[in-house]
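K.L.:
Just so it is clear, I am handing over coords.txt, which has compact mmCIF, C-alpha atoms and all ligand atoms.
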# COMPACT_ATOMS: atom_id res chain seq x y z
CA MET A 158 -1.63 1.28 -27.33
CA PHE A 159 0.11 3.66 -24.95
CA LYS A 160 3.44 1.89 -25.02
CA LYS A 161 5.30 4.76 -26.64
CA PHE A 162 2.74 7.41 -25.93
CA SER A 163 3.79 10.93 -25.00
CA ALA A 164 2.57 14.50 -25.21
CA GLU A 165 4.04 14.71 -28.73
CA GLU A 166 1.36 12.39 -30.04
CA VAL A 167 -1.35 14.81 -29.09
CA SER A 168 -2.27 16.58 -32.32
CA ALA A 169 -4.97 18.90 -31.02
CA GLN A 170 -6.53 19.89 -27.75
CA ASN A 171 -9.96 21.44 -27.83
CA GLN A 172 -12.53 22.56 -25.37
CA VAL A 173 -15.69 20.84 -26.53
CA LYS A 174 -19.11 22.40 -27.07
CA ALA A 175 -21.69 22.05 -24.34
CA SER A 176 -23.72 19.61 -26.43
CA VAL A 177 -20.69 17.37 -26.96
CA GLN A 178 -19.79 17.64 -23.29
CA ARG A 179 -23.29 16.41 -22.40
CA LYS A 180 -22.96 13.51 -24.82
CA ILE A 181 -19.60 12.43 -23.41
CA ARG A 182 -20.96 12.70 -19.89
CA GLN A 183 -23.99 10.63 -20.77
CA SER A 184 -22.04 7.83 -22.41
CA ILE A 185 -19.70 7.64 -19.42
CA ALA A 186 -22.68 7.51 -17.08
CA ASP A 187 -24.26 4.75 -19.18
CA GLU A 188 -21.10 2.70 -19.33
CA TYR A 189 -20.23 3.11 -15.63
CA PRO A 190 -23.41 3.54 -13.57
CA GLY A 191 -21.34 3.15 -10.40
CA LEU A 192 -19.62 6.42 -11.25
CA GLU A 193 -22.79 8.45 -11.52
CA PRO A 194 -22.86 9.71 -7.92
CA VAL A 195 -19.39 11.23 -8.31
CA LEU A 196 -19.68 12.33 -11.93
CA ASP A 197 -20.41 15.91 -10.90
CA ASP A 198 -17.13 15.96 -8.98
CA LEU A 199 -15.12 14.32 -11.75
CA LEU A 200 -16.58 16.22 -14.68
CA PRO A 201 -17.98 19.39 -13.13
CA LYS A 202 -20.62 20.88 -15.38
CA LYS A 203 -18.96 24.26 -15.09
CA SER A 204 -15.35 23.31 -15.81
CA PRO A 205 -14.41 23.03 -19.42
CA LEU A 206 -14.01 19.53 -20.77
CA ILE A 207 -11.01 19.17 -23.02
CA VAL A 208 -10.72 16.46 -25.64
CA ALA A 209 -7.22 15.81 -26.87
CA LYS A 210 -7.04 14.13 -30.27
CA CYS A 211 -4.06 11.84 -30.68
CA GLN A 212 -2.66 9.54 -33.32
CA ASN A 213 -4.46 6.32 -34.21
CA HIS A 214 -7.92 7.82 -33.63
CA LEU A 215 -7.34 8.02 -29.92
CA ASN A 216 -9.14 10.64 -27.83
CA LEU A 217 -8.30 11.67 -24.28
CA VAL A 218 -10.85 13.37 -22.05
CA LEU A 219 -9.22 15.85 -19.68
CA VAL A 220 -10.43 18.00 -16.83
CA ASN A 221 -8.00 20.52 -15.38
CA ASN A 222 -5.23 18.95 -17.47
CA VAL A 223 -5.73 15.52 -15.90
CA PRO A 224 -6.55 12.66 -18.29
CA LEU A 225 -9.60 10.85 -16.92
CA PHE A 226 -10.96 8.81 -19.84
CA PHE A 227 -9.93 7.68 -23.29
CA ASN A 228 -11.61 6.09 -26.26
CA ILE A 229 -10.88 5.10 -29.83
CA ARG A 230 -12.94 6.58 -32.66
CA ASP A 231 -16.39 6.60 -31.07
CA GLY A 232 -15.88 3.46 -29.02
CA PRO A 233 -16.69 3.22 -25.32
CA TYR A 234 -14.92 5.52 -22.89
CA MET A 235 -12.48 3.83 -20.56
CA PRO A 236 -11.11 5.29 -17.33
CA THR A 237 -7.41 5.86 -16.83
CA LEU A 238 -5.83 3.52 -14.27
CA ARG A 239 -5.35 6.31 -11.75
CA LEU A 240 -9.07 7.01 -11.90
CA LEU A 241 -9.97 3.31 -11.74
CA HIS A 242 -7.75 2.91 -8.66
CA GLN A 243 -9.91 5.50 -6.92
CA TYR A 244 -13.19 3.86 -7.92
CA PRO A 245 -12.23 0.20 -8.37
CA ASN A 246 -15.80 -1.13 -8.51
CA ILE A 247 -16.99 0.73 -11.57
CA MET A 248 -15.72 -1.91 -14.01
CA LYS A 249 -16.12 -5.65 -14.29
CA LYS A 250 -12.95 -7.46 -13.34
CA LEU A 251 -10.87 -10.21 -14.87
CA GLN A 252 -7.86 -11.55 -13.02
CA VAL A 253 -4.62 -12.87 -14.48
CA ASP A 254 -2.30 -15.25 -12.68
CA ARG A 255 0.96 -14.03 -11.20
CA GLY A 256 2.96 -15.40 -14.10
CA ALA A 257 1.15 -13.10 -16.53
CA ILE A 258 1.86 -9.87 -14.63
CA LYS A 259 5.21 -9.12 -16.23
CA PHE A 260 3.82 -9.70 -19.72
CA VAL A 261 0.83 -7.46 -19.13
CA LEU A 262 3.16 -4.78 -17.77
CA SER A 263 5.27 -4.95 -20.91
CA GLY A 264 2.18 -4.25 -22.98
CA ALA A 265 1.26 -7.74 -24.17
CA ASN A 266 -2.38 -8.58 -24.82
CA ILE A 267 -3.96 -10.95 -22.36
CA MET A 268 -3.97 -14.59 -23.35
CA CYS A 269 -6.85 -16.86 -22.31
CA PRO A 270 -4.73 -19.33 -20.31
CA GLY A 271 -3.54 -16.54 -18.01
CA LEU A 272 -7.16 -15.94 -17.06
CA THR A 273 -8.30 -19.56 -16.78
CA SER A 274 -5.36 -20.94 -14.77
CA PRO A 275 -5.79 -21.45 -11.00
CA GLY A 276 -4.40 -17.96 -10.27
CA GLY A 277 -6.77 -16.27 -12.69
CA SER A 278 -10.46 -15.57 -12.39
CA LEU A 279 -13.29 -14.60 -14.71
CA ASP A 280 -16.54 -12.76 -14.18
CA GLU A 281 -18.84 -14.98 -16.27
CA GLU A 282 -21.10 -12.07 -17.09
CA VAL A 283 -18.51 -10.22 -19.12
CA GLY A 284 -19.41 -10.12 -22.79
CA ALA A 285 -17.27 -9.55 -25.86
CA GLU A 286 -16.06 -6.02 -26.68
CA THR A 287 -16.43 -4.78 -23.11
CA PRO A 288 -14.02 -2.58 -21.18
CA VAL A 289 -12.71 -4.47 -18.13
CA ALA A 290 -10.32 -3.94 -15.23
CA ILE A 291 -7.42 -6.38 -15.29
CA MET A 292 -6.53 -7.49 -11.79
CA ALA A 293 -3.72 -9.81 -10.77
CA GLU A 294 -3.33 -12.79 -8.47
CA GLY A 295 -2.29 -11.65 -5.00
CA LYS A 296 -2.62 -7.94 -5.80
CA GLN A 297 -5.23 -5.51 -4.61
CA HIS A 298 -5.20 -2.96 -7.42
CA ALA A 299 -5.76 -3.16 -11.16
CA LEU A 300 -2.68 -3.34 -13.39
CA ALA A 301 -4.35 -2.72 -16.74
CA ILE A 302 -7.50 -1.69 -18.57
CA GLY A 303 -8.59 -4.24 -21.14
CA PHE A 304 -11.12 -4.54 -23.94
CA THR A 305 -12.45 -8.08 -24.33
CA LYS A 306 -12.12 -9.80 -27.70
CA MET A 307 -14.44 -12.59 -26.64
CA SER A 308 -16.89 -13.17 -23.83
CA ALA A 309 -15.74 -14.62 -20.52
CA LYS A 310 -17.60 -17.84 -21.37
CA ASP A 311 -15.70 -18.12 -24.66
CA ILE A 312 -12.39 -17.35 -22.96
CA LYS A 313 -13.08 -20.32 -20.74
CA ALA A 314 -14.31 -22.60 -23.52
CA ILE A 315 -11.75 -21.73 -26.21
CA ASN A 316 -8.88 -21.13 -23.76
CA LYS A 317 -6.27 -20.17 -26.32
CA GLY A 318 -5.10 -17.06 -28.08
CA ILE A 319 -5.75 -13.48 -27.08
CA GLY A 320 -8.80 -13.05 -24.86
CA VAL A 321 -8.47 -9.39 -23.99
CA ASP A 322 -6.71 -6.50 -25.72
CA ASN A 323 -4.41 -4.60 -23.37
CA MET A 324 -5.45 -0.97 -23.75
CA HIS A 325 -3.61 0.76 -20.94
CA TYR A 326 -1.29 -0.61 -18.27
CA LEU A 327 0.82 0.53 -15.33
CA ASN A 328 3.86 2.54 -16.40
CA ASP A 329 2.83 2.96 -20.04
CA GLY A 330 2.82 6.39 -21.68
CA LEU A 331 -0.62 7.33 -20.41
CA TRP A 332 0.26 6.29 -16.85
CA LYS A 333 3.32 8.52 -17.02
CA MET A 334 1.23 11.41 -18.32
CA GLU A 335 -0.28 12.42 -15.02
CA ARG A 336 -1.07 15.81 -16.49
CA LEU A 337 -1.11 17.16 -20.01
CA GLU A 338 -0.16 20.81 -20.00
CA MET B 286 -29.24 8.35 -6.49
CA ALA B 287 -26.86 5.82 -5.00
CA GLU B 288 -24.60 6.71 -2.12
CA LYS B 289 -21.44 8.55 -3.09
CA PRO B 290 -18.50 6.14 -3.18
CA GLN B 291 -15.42 7.41 -1.41
CA PRO B 292 -12.31 7.43 -3.59
CA VAL B 293 -9.81 4.75 -2.61
CA ARG B 294 -6.38 6.08 -1.77
CA VAL B 295 -3.74 3.85 -3.28
CA LEU B 296 -0.21 3.89 -1.92
CA TYR B 297 1.98 4.76 -4.90
CA CYS B 298 5.72 4.25 -4.73
CA SER B 299 7.50 7.57 -4.82
CA ILE B 300 10.44 5.96 -6.62
CA CYS B 301 8.80 4.16 -9.55
CA SER B 302 5.26 5.64 -9.35
CA LEU B 303 3.50 2.25 -9.45
CA PRO B 304 1.19 1.04 -6.68
CA ALA B 305 3.64 -0.18 -4.03
CA GLU B 306 2.51 -3.78 -4.45
CA TYR B 307 3.75 -3.70 -8.08
CA CYS B 308 7.27 -2.40 -7.36
CA GLU B 309 8.55 -5.96 -7.64
CA PHE B 310 7.49 -5.84 -11.32
CA GLY B 311 8.62 -2.26 -11.83
CA PRO B 312 11.60 -0.92 -13.76
CA ASP B 313 14.04 -1.09 -10.84
CA PHE B 314 12.92 -2.99 -7.74
CA GLU B 315 16.30 -2.58 -6.05
CA LYS B 316 15.89 1.20 -6.00
CA CYS B 317 12.39 0.94 -4.52
CA LYS B 318 13.48 -1.33 -1.66
CA PRO B 319 14.58 1.27 0.91
CA TRP B 320 11.37 3.22 0.31
CA LEU B 321 9.28 0.07 0.64
CA ILE B 322 10.92 -0.98 3.92
CA LYS B 323 10.01 2.40 5.30
CA ASN B 324 6.56 2.86 3.81
CA ALA B 325 5.08 -0.54 3.03
CA PRO B 326 6.95 -3.23 4.99
CA GLU B 327 3.80 -5.35 5.29
CA LEU B 328 3.68 -5.79 1.51
CA TYR B 329 7.17 -7.23 1.30
CA PRO B 330 7.97 -9.15 4.49
CA ASP B 331 10.96 -10.74 2.73
CA LEU B 332 12.65 -7.35 2.35
CA LEU B 333 12.83 -7.02 6.12
CA LYS B 334 14.27 -10.48 6.35
CA GLU B 335 16.83 -9.51 3.75
CA ALA B 336 17.68 -6.28 5.55
CA ASN B 337 17.81 -8.15 8.80
CA GLU B 338 20.18 -10.78 7.46
CA LYS B 339 22.52 -8.14 6.15
CA GLU B 340 22.39 -6.12 9.33
CA ALA B 341 22.48 -9.09 11.67
CA GLU B 342 26.07 -9.68 10.63
CA LYS B 343 27.00 -6.10 11.36
CA VAL B 344 25.06 -5.98 14.59
CA SER B 345 26.41 -9.13 16.12
CA GLY B 346 29.74 -7.38 16.49
CA GLN B 347 28.15 -4.40 18.21
CA LEU B 348 26.00 -6.51 20.46
CA GLN B 349 28.98 -8.45 21.66
CA LEU B 350 30.71 -5.23 22.44
CA PHE B 351 28.01 -4.51 24.96
CA GLY B 352 28.02 -7.99 26.36
CA LEU B 353 24.73 -8.75 24.77
CA SER B 354 23.79 -11.71 22.71
CA SER B 355 22.14 -11.24 19.36
CA GLY B 356 19.29 -13.53 20.29
CA GLY B 357 16.67 -10.82 20.36
CA ALA B 358 14.91 -9.32 23.33
CA ASP B 359 15.83 -12.07 25.74
CA GLY B 360 19.47 -11.26 25.46
CA ALA B 361 19.39 -7.56 24.86
CA THR B 362 18.66 -5.55 27.94
CA SER B 363 20.23 -2.41 29.15
CA GLY B 364 22.37 -1.89 32.16
CA GLN B 365 19.51 -0.32 34.01
CA THR B 366 17.29 -3.30 33.77
CA SER B 367 19.92 -5.97 34.10
CA SER B 368 19.32 -6.34 37.80
CA SER B 369 15.82 -7.50 37.13
CA LYS B 370 17.05 -9.68 34.33
CA GLN B 371 17.63 -12.80 36.35
CA GLU B 372 14.24 -14.32 36.22
CA GLU B 373 12.71 -14.45 39.61
CA VAL B 374 10.44 -17.39 39.81
CA LYS B 375 7.46 -17.35 42.06
CA ARG B 376 5.30 -20.35 42.77
CA LEU B 377 1.61 -19.69 42.63
CA PRO B 378 -0.91 -21.74 44.55
CA GLY B 379 -1.48 -24.82 42.47
CA GLY B 380 2.16 -25.12 41.60
CA LYS B 381 2.10 -22.92 38.51
CA ILE B 382 5.24 -20.95 37.95
CA LYS B 383 4.92 -17.25 37.44
CA LYS B 384 7.74 -15.32 35.88
CA LYS B 385 8.43 -11.96 37.37
CA GLU B 386 7.76 -9.33 34.77
CA ARG B 387 10.72 -7.88 33.10
CA GLN B 388 10.77 -4.11 33.02
CA GLU B 389 10.42 -3.38 29.35
CA VAL B 390 8.10 -1.65 26.91
CA VAL B 391 6.90 -3.75 24.00
CA ILE B 392 5.61 -2.13 20.82
CA GLU B 393 3.50 -4.39 18.67
CA LYS B 394 2.17 -3.58 15.23
CA VAL B 395 -1.00 -5.39 14.31
CA VAL B 396 -2.61 -5.19 10.90
CA ARG B 397 -6.37 -5.56 11.06
CA ASN B 398 -8.73 -5.79 8.07
CA LYS B 399 -5.86 -5.94 5.61
CA ARG B 400 -4.64 -2.36 5.75
CA LYS B 401 -5.89 -0.97 9.00
CA CYS B 402 -3.02 -0.90 11.39
CA ILE B 403 -2.87 -0.66 15.16
CA THR B 404 0.22 -0.04 17.23
CA ILE B 405 0.03 -1.64 20.68
CA VAL B 406 2.19 -0.28 23.50
CA LYS B 407 2.67 -2.59 26.48
CA GLY B 408 4.53 -2.14 29.73
CA LEU B 409 4.73 1.64 30.17
CA ASP B 410 3.11 1.13 33.59
CA LEU B 411 6.18 -0.83 34.67
CA PHE B 412 8.08 2.44 34.50
CA GLY B 413 5.58 4.24 36.70
CA VAL B 414 3.77 5.88 33.79
CA LYS B 415 0.04 6.39 34.20
CA LEU B 416 -1.53 4.64 31.20
CA SER B 417 -4.58 6.88 30.85
CA ASP B 418 -2.29 9.87 30.76
CA ALA B 419 0.09 8.20 28.28
CA SER B 420 -2.79 7.22 26.03
CA LYS B 421 -3.96 10.83 25.88
CA LYS B 422 -0.45 12.06 25.07
CA LEU B 423 0.06 9.46 22.33
CA GLY B 424 -3.30 10.27 20.77
CA LYS B 425 -2.50 13.94 20.78
CA LYS B 426 1.05 13.64 19.49
CA PHE B 427 0.15 11.38 16.56
CA ALA B 428 -3.28 12.96 15.98
CA THR B 429 -5.05 9.64 16.18
CA GLY B 430 -7.22 7.55 18.46
CA ALA B 431 -5.60 5.90 21.46
CA SER B 432 -7.18 3.99 24.30
CA VAL B 433 -6.27 1.89 27.29
CA VAL B 434 -7.61 -1.64 26.88
CA LYS B 435 -7.17 -4.97 28.60
CA GLY B 436 -4.88 -7.24 26.64
CA PRO B 437 -5.17 -11.02 26.33
CA THR B 438 -3.53 -11.61 29.70
CA GLU B 439 -5.75 -9.09 31.46
CA LYS B 440 -2.87 -6.67 31.56
CA GLU B 441 -3.66 -3.16 30.45
CA GLN B 442 -2.08 -1.87 27.27
CA ILE B 443 -2.50 1.13 24.98
CA ASP B 444 -3.93 0.63 21.50
CA VAL B 445 -3.05 3.42 19.07
CA GLN B 446 -4.74 3.63 15.66
CA GLY B 447 -2.34 3.66 12.75
CA ASP B 448 1.26 2.69 12.31
CA ILE B 449 3.32 4.96 14.51
CA SER B 450 6.03 2.41 15.12
CA TYR B 451 8.65 4.47 13.34
CA ASP B 452 8.44 7.54 15.55
CA ILE B 453 7.28 6.11 18.80
CA VAL B 454 10.62 5.31 20.42
CA GLU B 455 11.78 8.88 20.30
CA PHE B 456 8.48 10.12 21.63
CA ILE B 457 8.46 7.69 24.56
CA THR B 458 12.03 8.42 25.59
CA ASP B 459 11.49 12.17 25.27
CA THR B 460 8.26 12.16 27.23
CA TRP B 461 9.18 9.67 29.92
CA PRO B 462 12.94 9.77 30.39
CA ALA B 463 12.69 6.88 32.85
CA VAL B 464 12.09 4.64 29.86
CA ILE B 465 15.38 4.38 28.07
CA SER B 466 15.30 3.30 24.48
CA LEU B 467 17.08 0.02 25.05
CA SER B 468 14.20 -1.23 27.12
CA ILE B 469 11.81 -0.64 24.23
CA PHE B 470 11.26 -3.64 22.01
CA PHE B 471 9.40 -4.20 18.82
CA SER B 472 7.55 -7.39 18.29
CA PHE B 473 5.68 -7.04 15.01
CA SER B 474 7.65 -10.05 13.91
CA CYS B 475 10.67 -11.77 15.30
CA VAL B 476 12.52 -10.94 12.11
CA LEU B 477 11.91 -7.26 12.42
CA HIS B 478 12.65 -7.43 16.09
CA LYS B 479 16.36 -7.90 15.71
CA TRP B 480 16.49 -5.31 13.02
CA CYS B 481 14.85 -2.75 15.28
CA ILE B 482 17.15 -3.54 18.15
CA TRP B 483 19.98 -2.95 15.78
CA LYS B 484 18.44 0.36 14.76
CA THR B 485 18.01 1.41 18.34
CA LEU B 486 21.53 0.39 19.19
CA LYS B 487 22.93 2.18 16.21
CA GLU B 488 21.10 5.39 16.90
CA ASP B 489 22.07 5.35 20.54
CA PHE B 490 25.62 4.25 20.36
CA VAL B 491 27.03 5.41 17.07
CA PRO B 492 28.18 8.72 18.59
CA LEU B 493 30.37 6.71 20.94
CA PHE B 494 32.36 5.12 18.17
ZN ZN A 501 8.53 1.32 -6.57
Could you write out this file's structure as structure tokens?

P.N.:
Amino acid sequence: MFKKFSAEEVSAQNQVKASVQRKIRQSIADEYPGLEPVLDDLLPKKSPLIVAKCQNHLNLVLVNNVPLFFNIRDGPYMPTLRLLHQYPNIMKKLQVDRGAIKFVLSGANIMCPGLTSPGGSLDEEVGAETPVAIMAEGKQHALAIGFTKMSAKDIKAINKGIGVDNMHYLNDGLWKMERLE
Amino acid sequence: MAEKPQPVRVLYCSICSLPAEYCEFGPDFEKCKPWLIKNAPELYPDLLKEANEKEAEKVSGQLQLFGLSSGGADGATSGQTSSSKQEEVKRLPGGKIKKKERQEVVIEKVVRNKRKCITIVKGLDLFGVKLSDASKKLGKKFATGASVVKGPTEKEQIDVQGDISYDIVEFITDTWPAVISLSIFFSFSCVLHKWCIWKTLKEDFVPLF
């Protein structure tokens, strides 16, 4: 999604109303309870929350020009990788084998066999249409943010085709956009 | 409310911007390599081997020039310590053979709990340095914790928190001139060992050429 993303794709940047700000905050808190204790630091109630509208119904949530979350239409908010790296335990994790790393980093969606092979691993509790952190065999930090197309149980049982959509990965356009001025 | 999680600090490569462990999959691994050797050698042990192999060829010439073999610490000692080089063998009661200690400082880098690193300094006492005093100075200079502890062979050594192995040689030779840099050895791995000797040699002797 962010393969060719750049500041030019941002069509409008707006400071949102207090009521909208509260709503965004609440849905982030609901989706990532682990983040709640630091939410006041990340999204200070007093600093303006900026939502940047981009092509393909993509929204970026920014504080002090730093992208922290994104979502599509009114789908669930997902953290940027830089934010996830700081708080790695806020998302459920799926792990791809080493062979899949280069495909994930070129933007490919995540195929079931890359998750079910000996180098991969699945958190059985992950349901369909859930934001997940994509980890990699032998690596400590996440390399992508994914959105599951099927549950972890189905990924295991069906074991073919795309299991997880690759939303955001290391070195894509959003990664390169450390700040949006 | 749950306890506040502390943000994790990830080491990002200053060349390609990825977490250092992903440089190998980045846009140009070759360009990252010098940075990685300096900043994250534990992530890519093969890079050191590579660097070592390249440099070993260059260094063997230099080592021979000084009448040293390139076999690592056993061969490379300075003029000052060469008198004590011939191993004096002492028989202990019970027939065990004890080697007389060679006068050298050994720097060891130990990684504990994955990323927590300790630099161990052994042998400063052999140069007449008071270890408690040295430990204080090291702690102060590198703004970290340092303590004198008993090592595995009951010999006292200094444990310093953090990886200070890149600056420590200069500090030791500046602070205690009796310790010359050629009697300082690194032993975080035998591979790195030769590479560091080469570095030390180069820094010390290049002006002569
Ligand atoms: Zn790099």

K.L.:
Applying 10 Å and only C-alpha atoms, which residues near Asn213 in chain A remain after dropping the ones on its own chain fewer than 6 positions away? List them as an MDAnalysis selection string.

P.N.:
chainID A and resid 158 166 229:230

K.L.:
Report as a tab-separated table: every residue of chain B with an atom at most 8 Å from ligand ZN 501 (chain A), its closest pair of atoms, and their distance in Å to one decimal, counting only C-alpha atoms and all ligand atoms, with rows sorted by chain and ascending residue number.

P.N.:
residue	atom	partner	partner_atom	distance
B:Tyr297	CA	A:ZN501	ZN	7.6
B:Cys298	CA	A:ZN501	ZN	4.5
B:Ser299	CA	A:ZN501	ZN	6.6
B:Ile300	CA	A:ZN501	ZN	5.0
B:Cys301	CA	A:ZN501	ZN	4.1
B:Ser302	CA	A:ZN501	ZN	6.1
B:Leu303	CA	A:ZN501	ZN	5.9
B:Pro304	CA	A:ZN501	ZN	7.3
B:Ala305	CA	A:ZN501	ZN	5.7
B:Tyr307	CA	A:ZN501	ZN	7.1
B:Cys308	CA	A:ZN501	ZN	4.0
B:Glu309	CA	A:ZN501	ZN	7.4
B:Gly311	CA	A:ZN501	ZN	6.4
B:Asp313	CA	A:ZN501	ZN	7.4
B:Phe314	CA	A:ZN501	ZN	6.3
B:Lys316	CA	A:ZN501	ZN	7.4
B:Cys317	CA	A:ZN501	ZN	4.4
B:Lys318	CA	A:ZN501	ZN	7.5
B:Trp320	CA	A:ZN501	ZN	7.7
B:Leu321	CA	A:ZN501	ZN	7.4

K.L.:
Might you pull out every residue within 12 Å of Asn221 in chain A, with all atoms listed in the file counted and same-chain residues fewer than 6 positions away left off, and present them as a list in words?

P.N.:
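Returned residues: Gln172, Leu199, Leu200, Pro201, Lys203, Ser204, Pro205, Leu206, Ile207, Val208, Glu335, Arg336, Leu337 and Glu338 of chain A.
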
K.L.:
Please report as a PyMOL selection string which residues of chain A come no farther than 9 Å from chain B, using only C-alpha atoms.

P.N.:
chain A and resi 191-195+239-240+242-245+258-259+262+296-298+300+327-328+333

K.L.:
What is the CA of Gly430 in chain B-CA of Gly447 in chain B distance in Å, reported with one decimal?

P.N.:
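Distance between the two atoms: 8.5 Å.
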
K.L.:
For a test of reading the model, state the distance in Å between CA of Asn337 in chain B and CA of Gly436 in chain B, rounded to one decimal.

P.N.:
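For CA of Asn337 in chain B relative to CA of Gly436 in chain B, the distance reads 28.9 Å.
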
K.L.:
Kindly give the distance, in Å, that separates CA of Gln388 in chain B and CA of Ala463 in chain B, rounded to a single decimal.

P.N.:
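Interatomic distance, CA of Gln388 in chain B to CA of Ala463 in chain B: 11.2 Å.
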
K.L.:
Between A:Met307, A:Val261, A:Ala164, A:Ile185, single out the one closest to Ile319 in chain A, counting only C-alpha atoms.

P.N.:
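Using only C-alpha atoms, the shortest distance to Ile319 in chain A belongs to A:Met307.
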
K.L.:
May I have the residues within 9 Å of Leu331 in chain A as a PyMOL selection string, using only C-alpha atoms and disregarding those fewer than 3 positions away in the same chain?

P.N.:
chain A and resi 159-163+224+237-238+325-328+334-335

K.L.:
Could those residues be written to a file, using C-alpha atoms, as an mmCIF file, keeping the file's coordinate frame?

P.N.:
data_model
loop_
_atom_site.group_PDB
_atom_site.id
_atom_site.type_symbol
_atom_site.label_atom_id
_atom_site.label_comp_id
_atom_site.auth_asym_id
_atom_site.auth_seq_id
_atom_site.Cartn_x
_atom_site.Cartn_y
_atom_site.Cartn_z
ATOM 1 C CA PHE A 159 0.110 3.660 -24.950
ATOM 2 C CA LYS A 160 3.440 1.890 -25.020
ATOM 3 C CA LYS A 161 5.300 4.760 -26.640
ATOM 4 C CA PHE A 162 2.740 7.410 -25.930
ATOM 5 C CA SER A 163 3.790 10.930 -25.000
ATOM 6 C CA PRO A 224 -6.550 12.660 -18.290
ATOM 7 C CA THR A 237 -7.410 5.860 -16.830
ATOM 8 C CA LEU A 238 -5.830 3.520 -14.270
ATOM 9 C CA HIS A 325 -3.610 0.760 -20.940
ATOM 10 C CA TYR A 326 -1.290 -0.610 -18.270
ATOM 11 C CA LEU A 327 0.820 0.530 -15.330
ATOM 12 C CA ASN A 328 3.860 2.540 -16.400
ATOM 13 C CA MET A 334 1.230 11.410 -18.320
ATOM 14 C CA GLU A 335 -0.280 12.420 -15.020
#

K.L.:
My list of candidates is B:Ala428, B:Val434, B:Leu416, B:Val454. Which is closest to Val391 in chain B when distances are computed with all atoms listed in the file?

P.N.:
B:Val454

K.L.:
Please determine, counting all atoms listed in the file, which residue among A:Cys211, A:Ala301, A:Leu196, A:Ile181 has the shortest atom-to-atom distance to Val167 in chain A.

P.N.:
A:Cys211

K.L.:
What box, with edges along x, y and z, holds each listed atom of range 435-447 of chain B when 4 Å is added on every side, and can you state its centre and edge lengths in Å to one decimal, as JSON?

P.N.:
{"center_x": -4.6, "center_y": -4.0, "center_z": 22.2, "size_x": 13.1, "size_y": 23.3, "size_z": 26.8}

K.L.:
Take the point (-20.0, 4.4, -19.5) in the file's coordinates, draw a sphere of radius 12 Å around it, and report as a list in words every protein, DNA or RNA residue with an atom inside or on it, counting only C-alpha atoms.

P.N.:
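Checked against the point, the hits come out as Lys180, Ile181, Arg182, Gln183, Ser184, Ile185, Ala186, Asp187, Glu188, Tyr189, Pro190, Gly191, Leu192, Glu193, Leu196, Phe226, Phe227, Asn228, Gly232, Pro233, Tyr234, Met235, Pro236, Ile247, Met248, Lys249, Thr287, Pro288 and Val289 of chain A.
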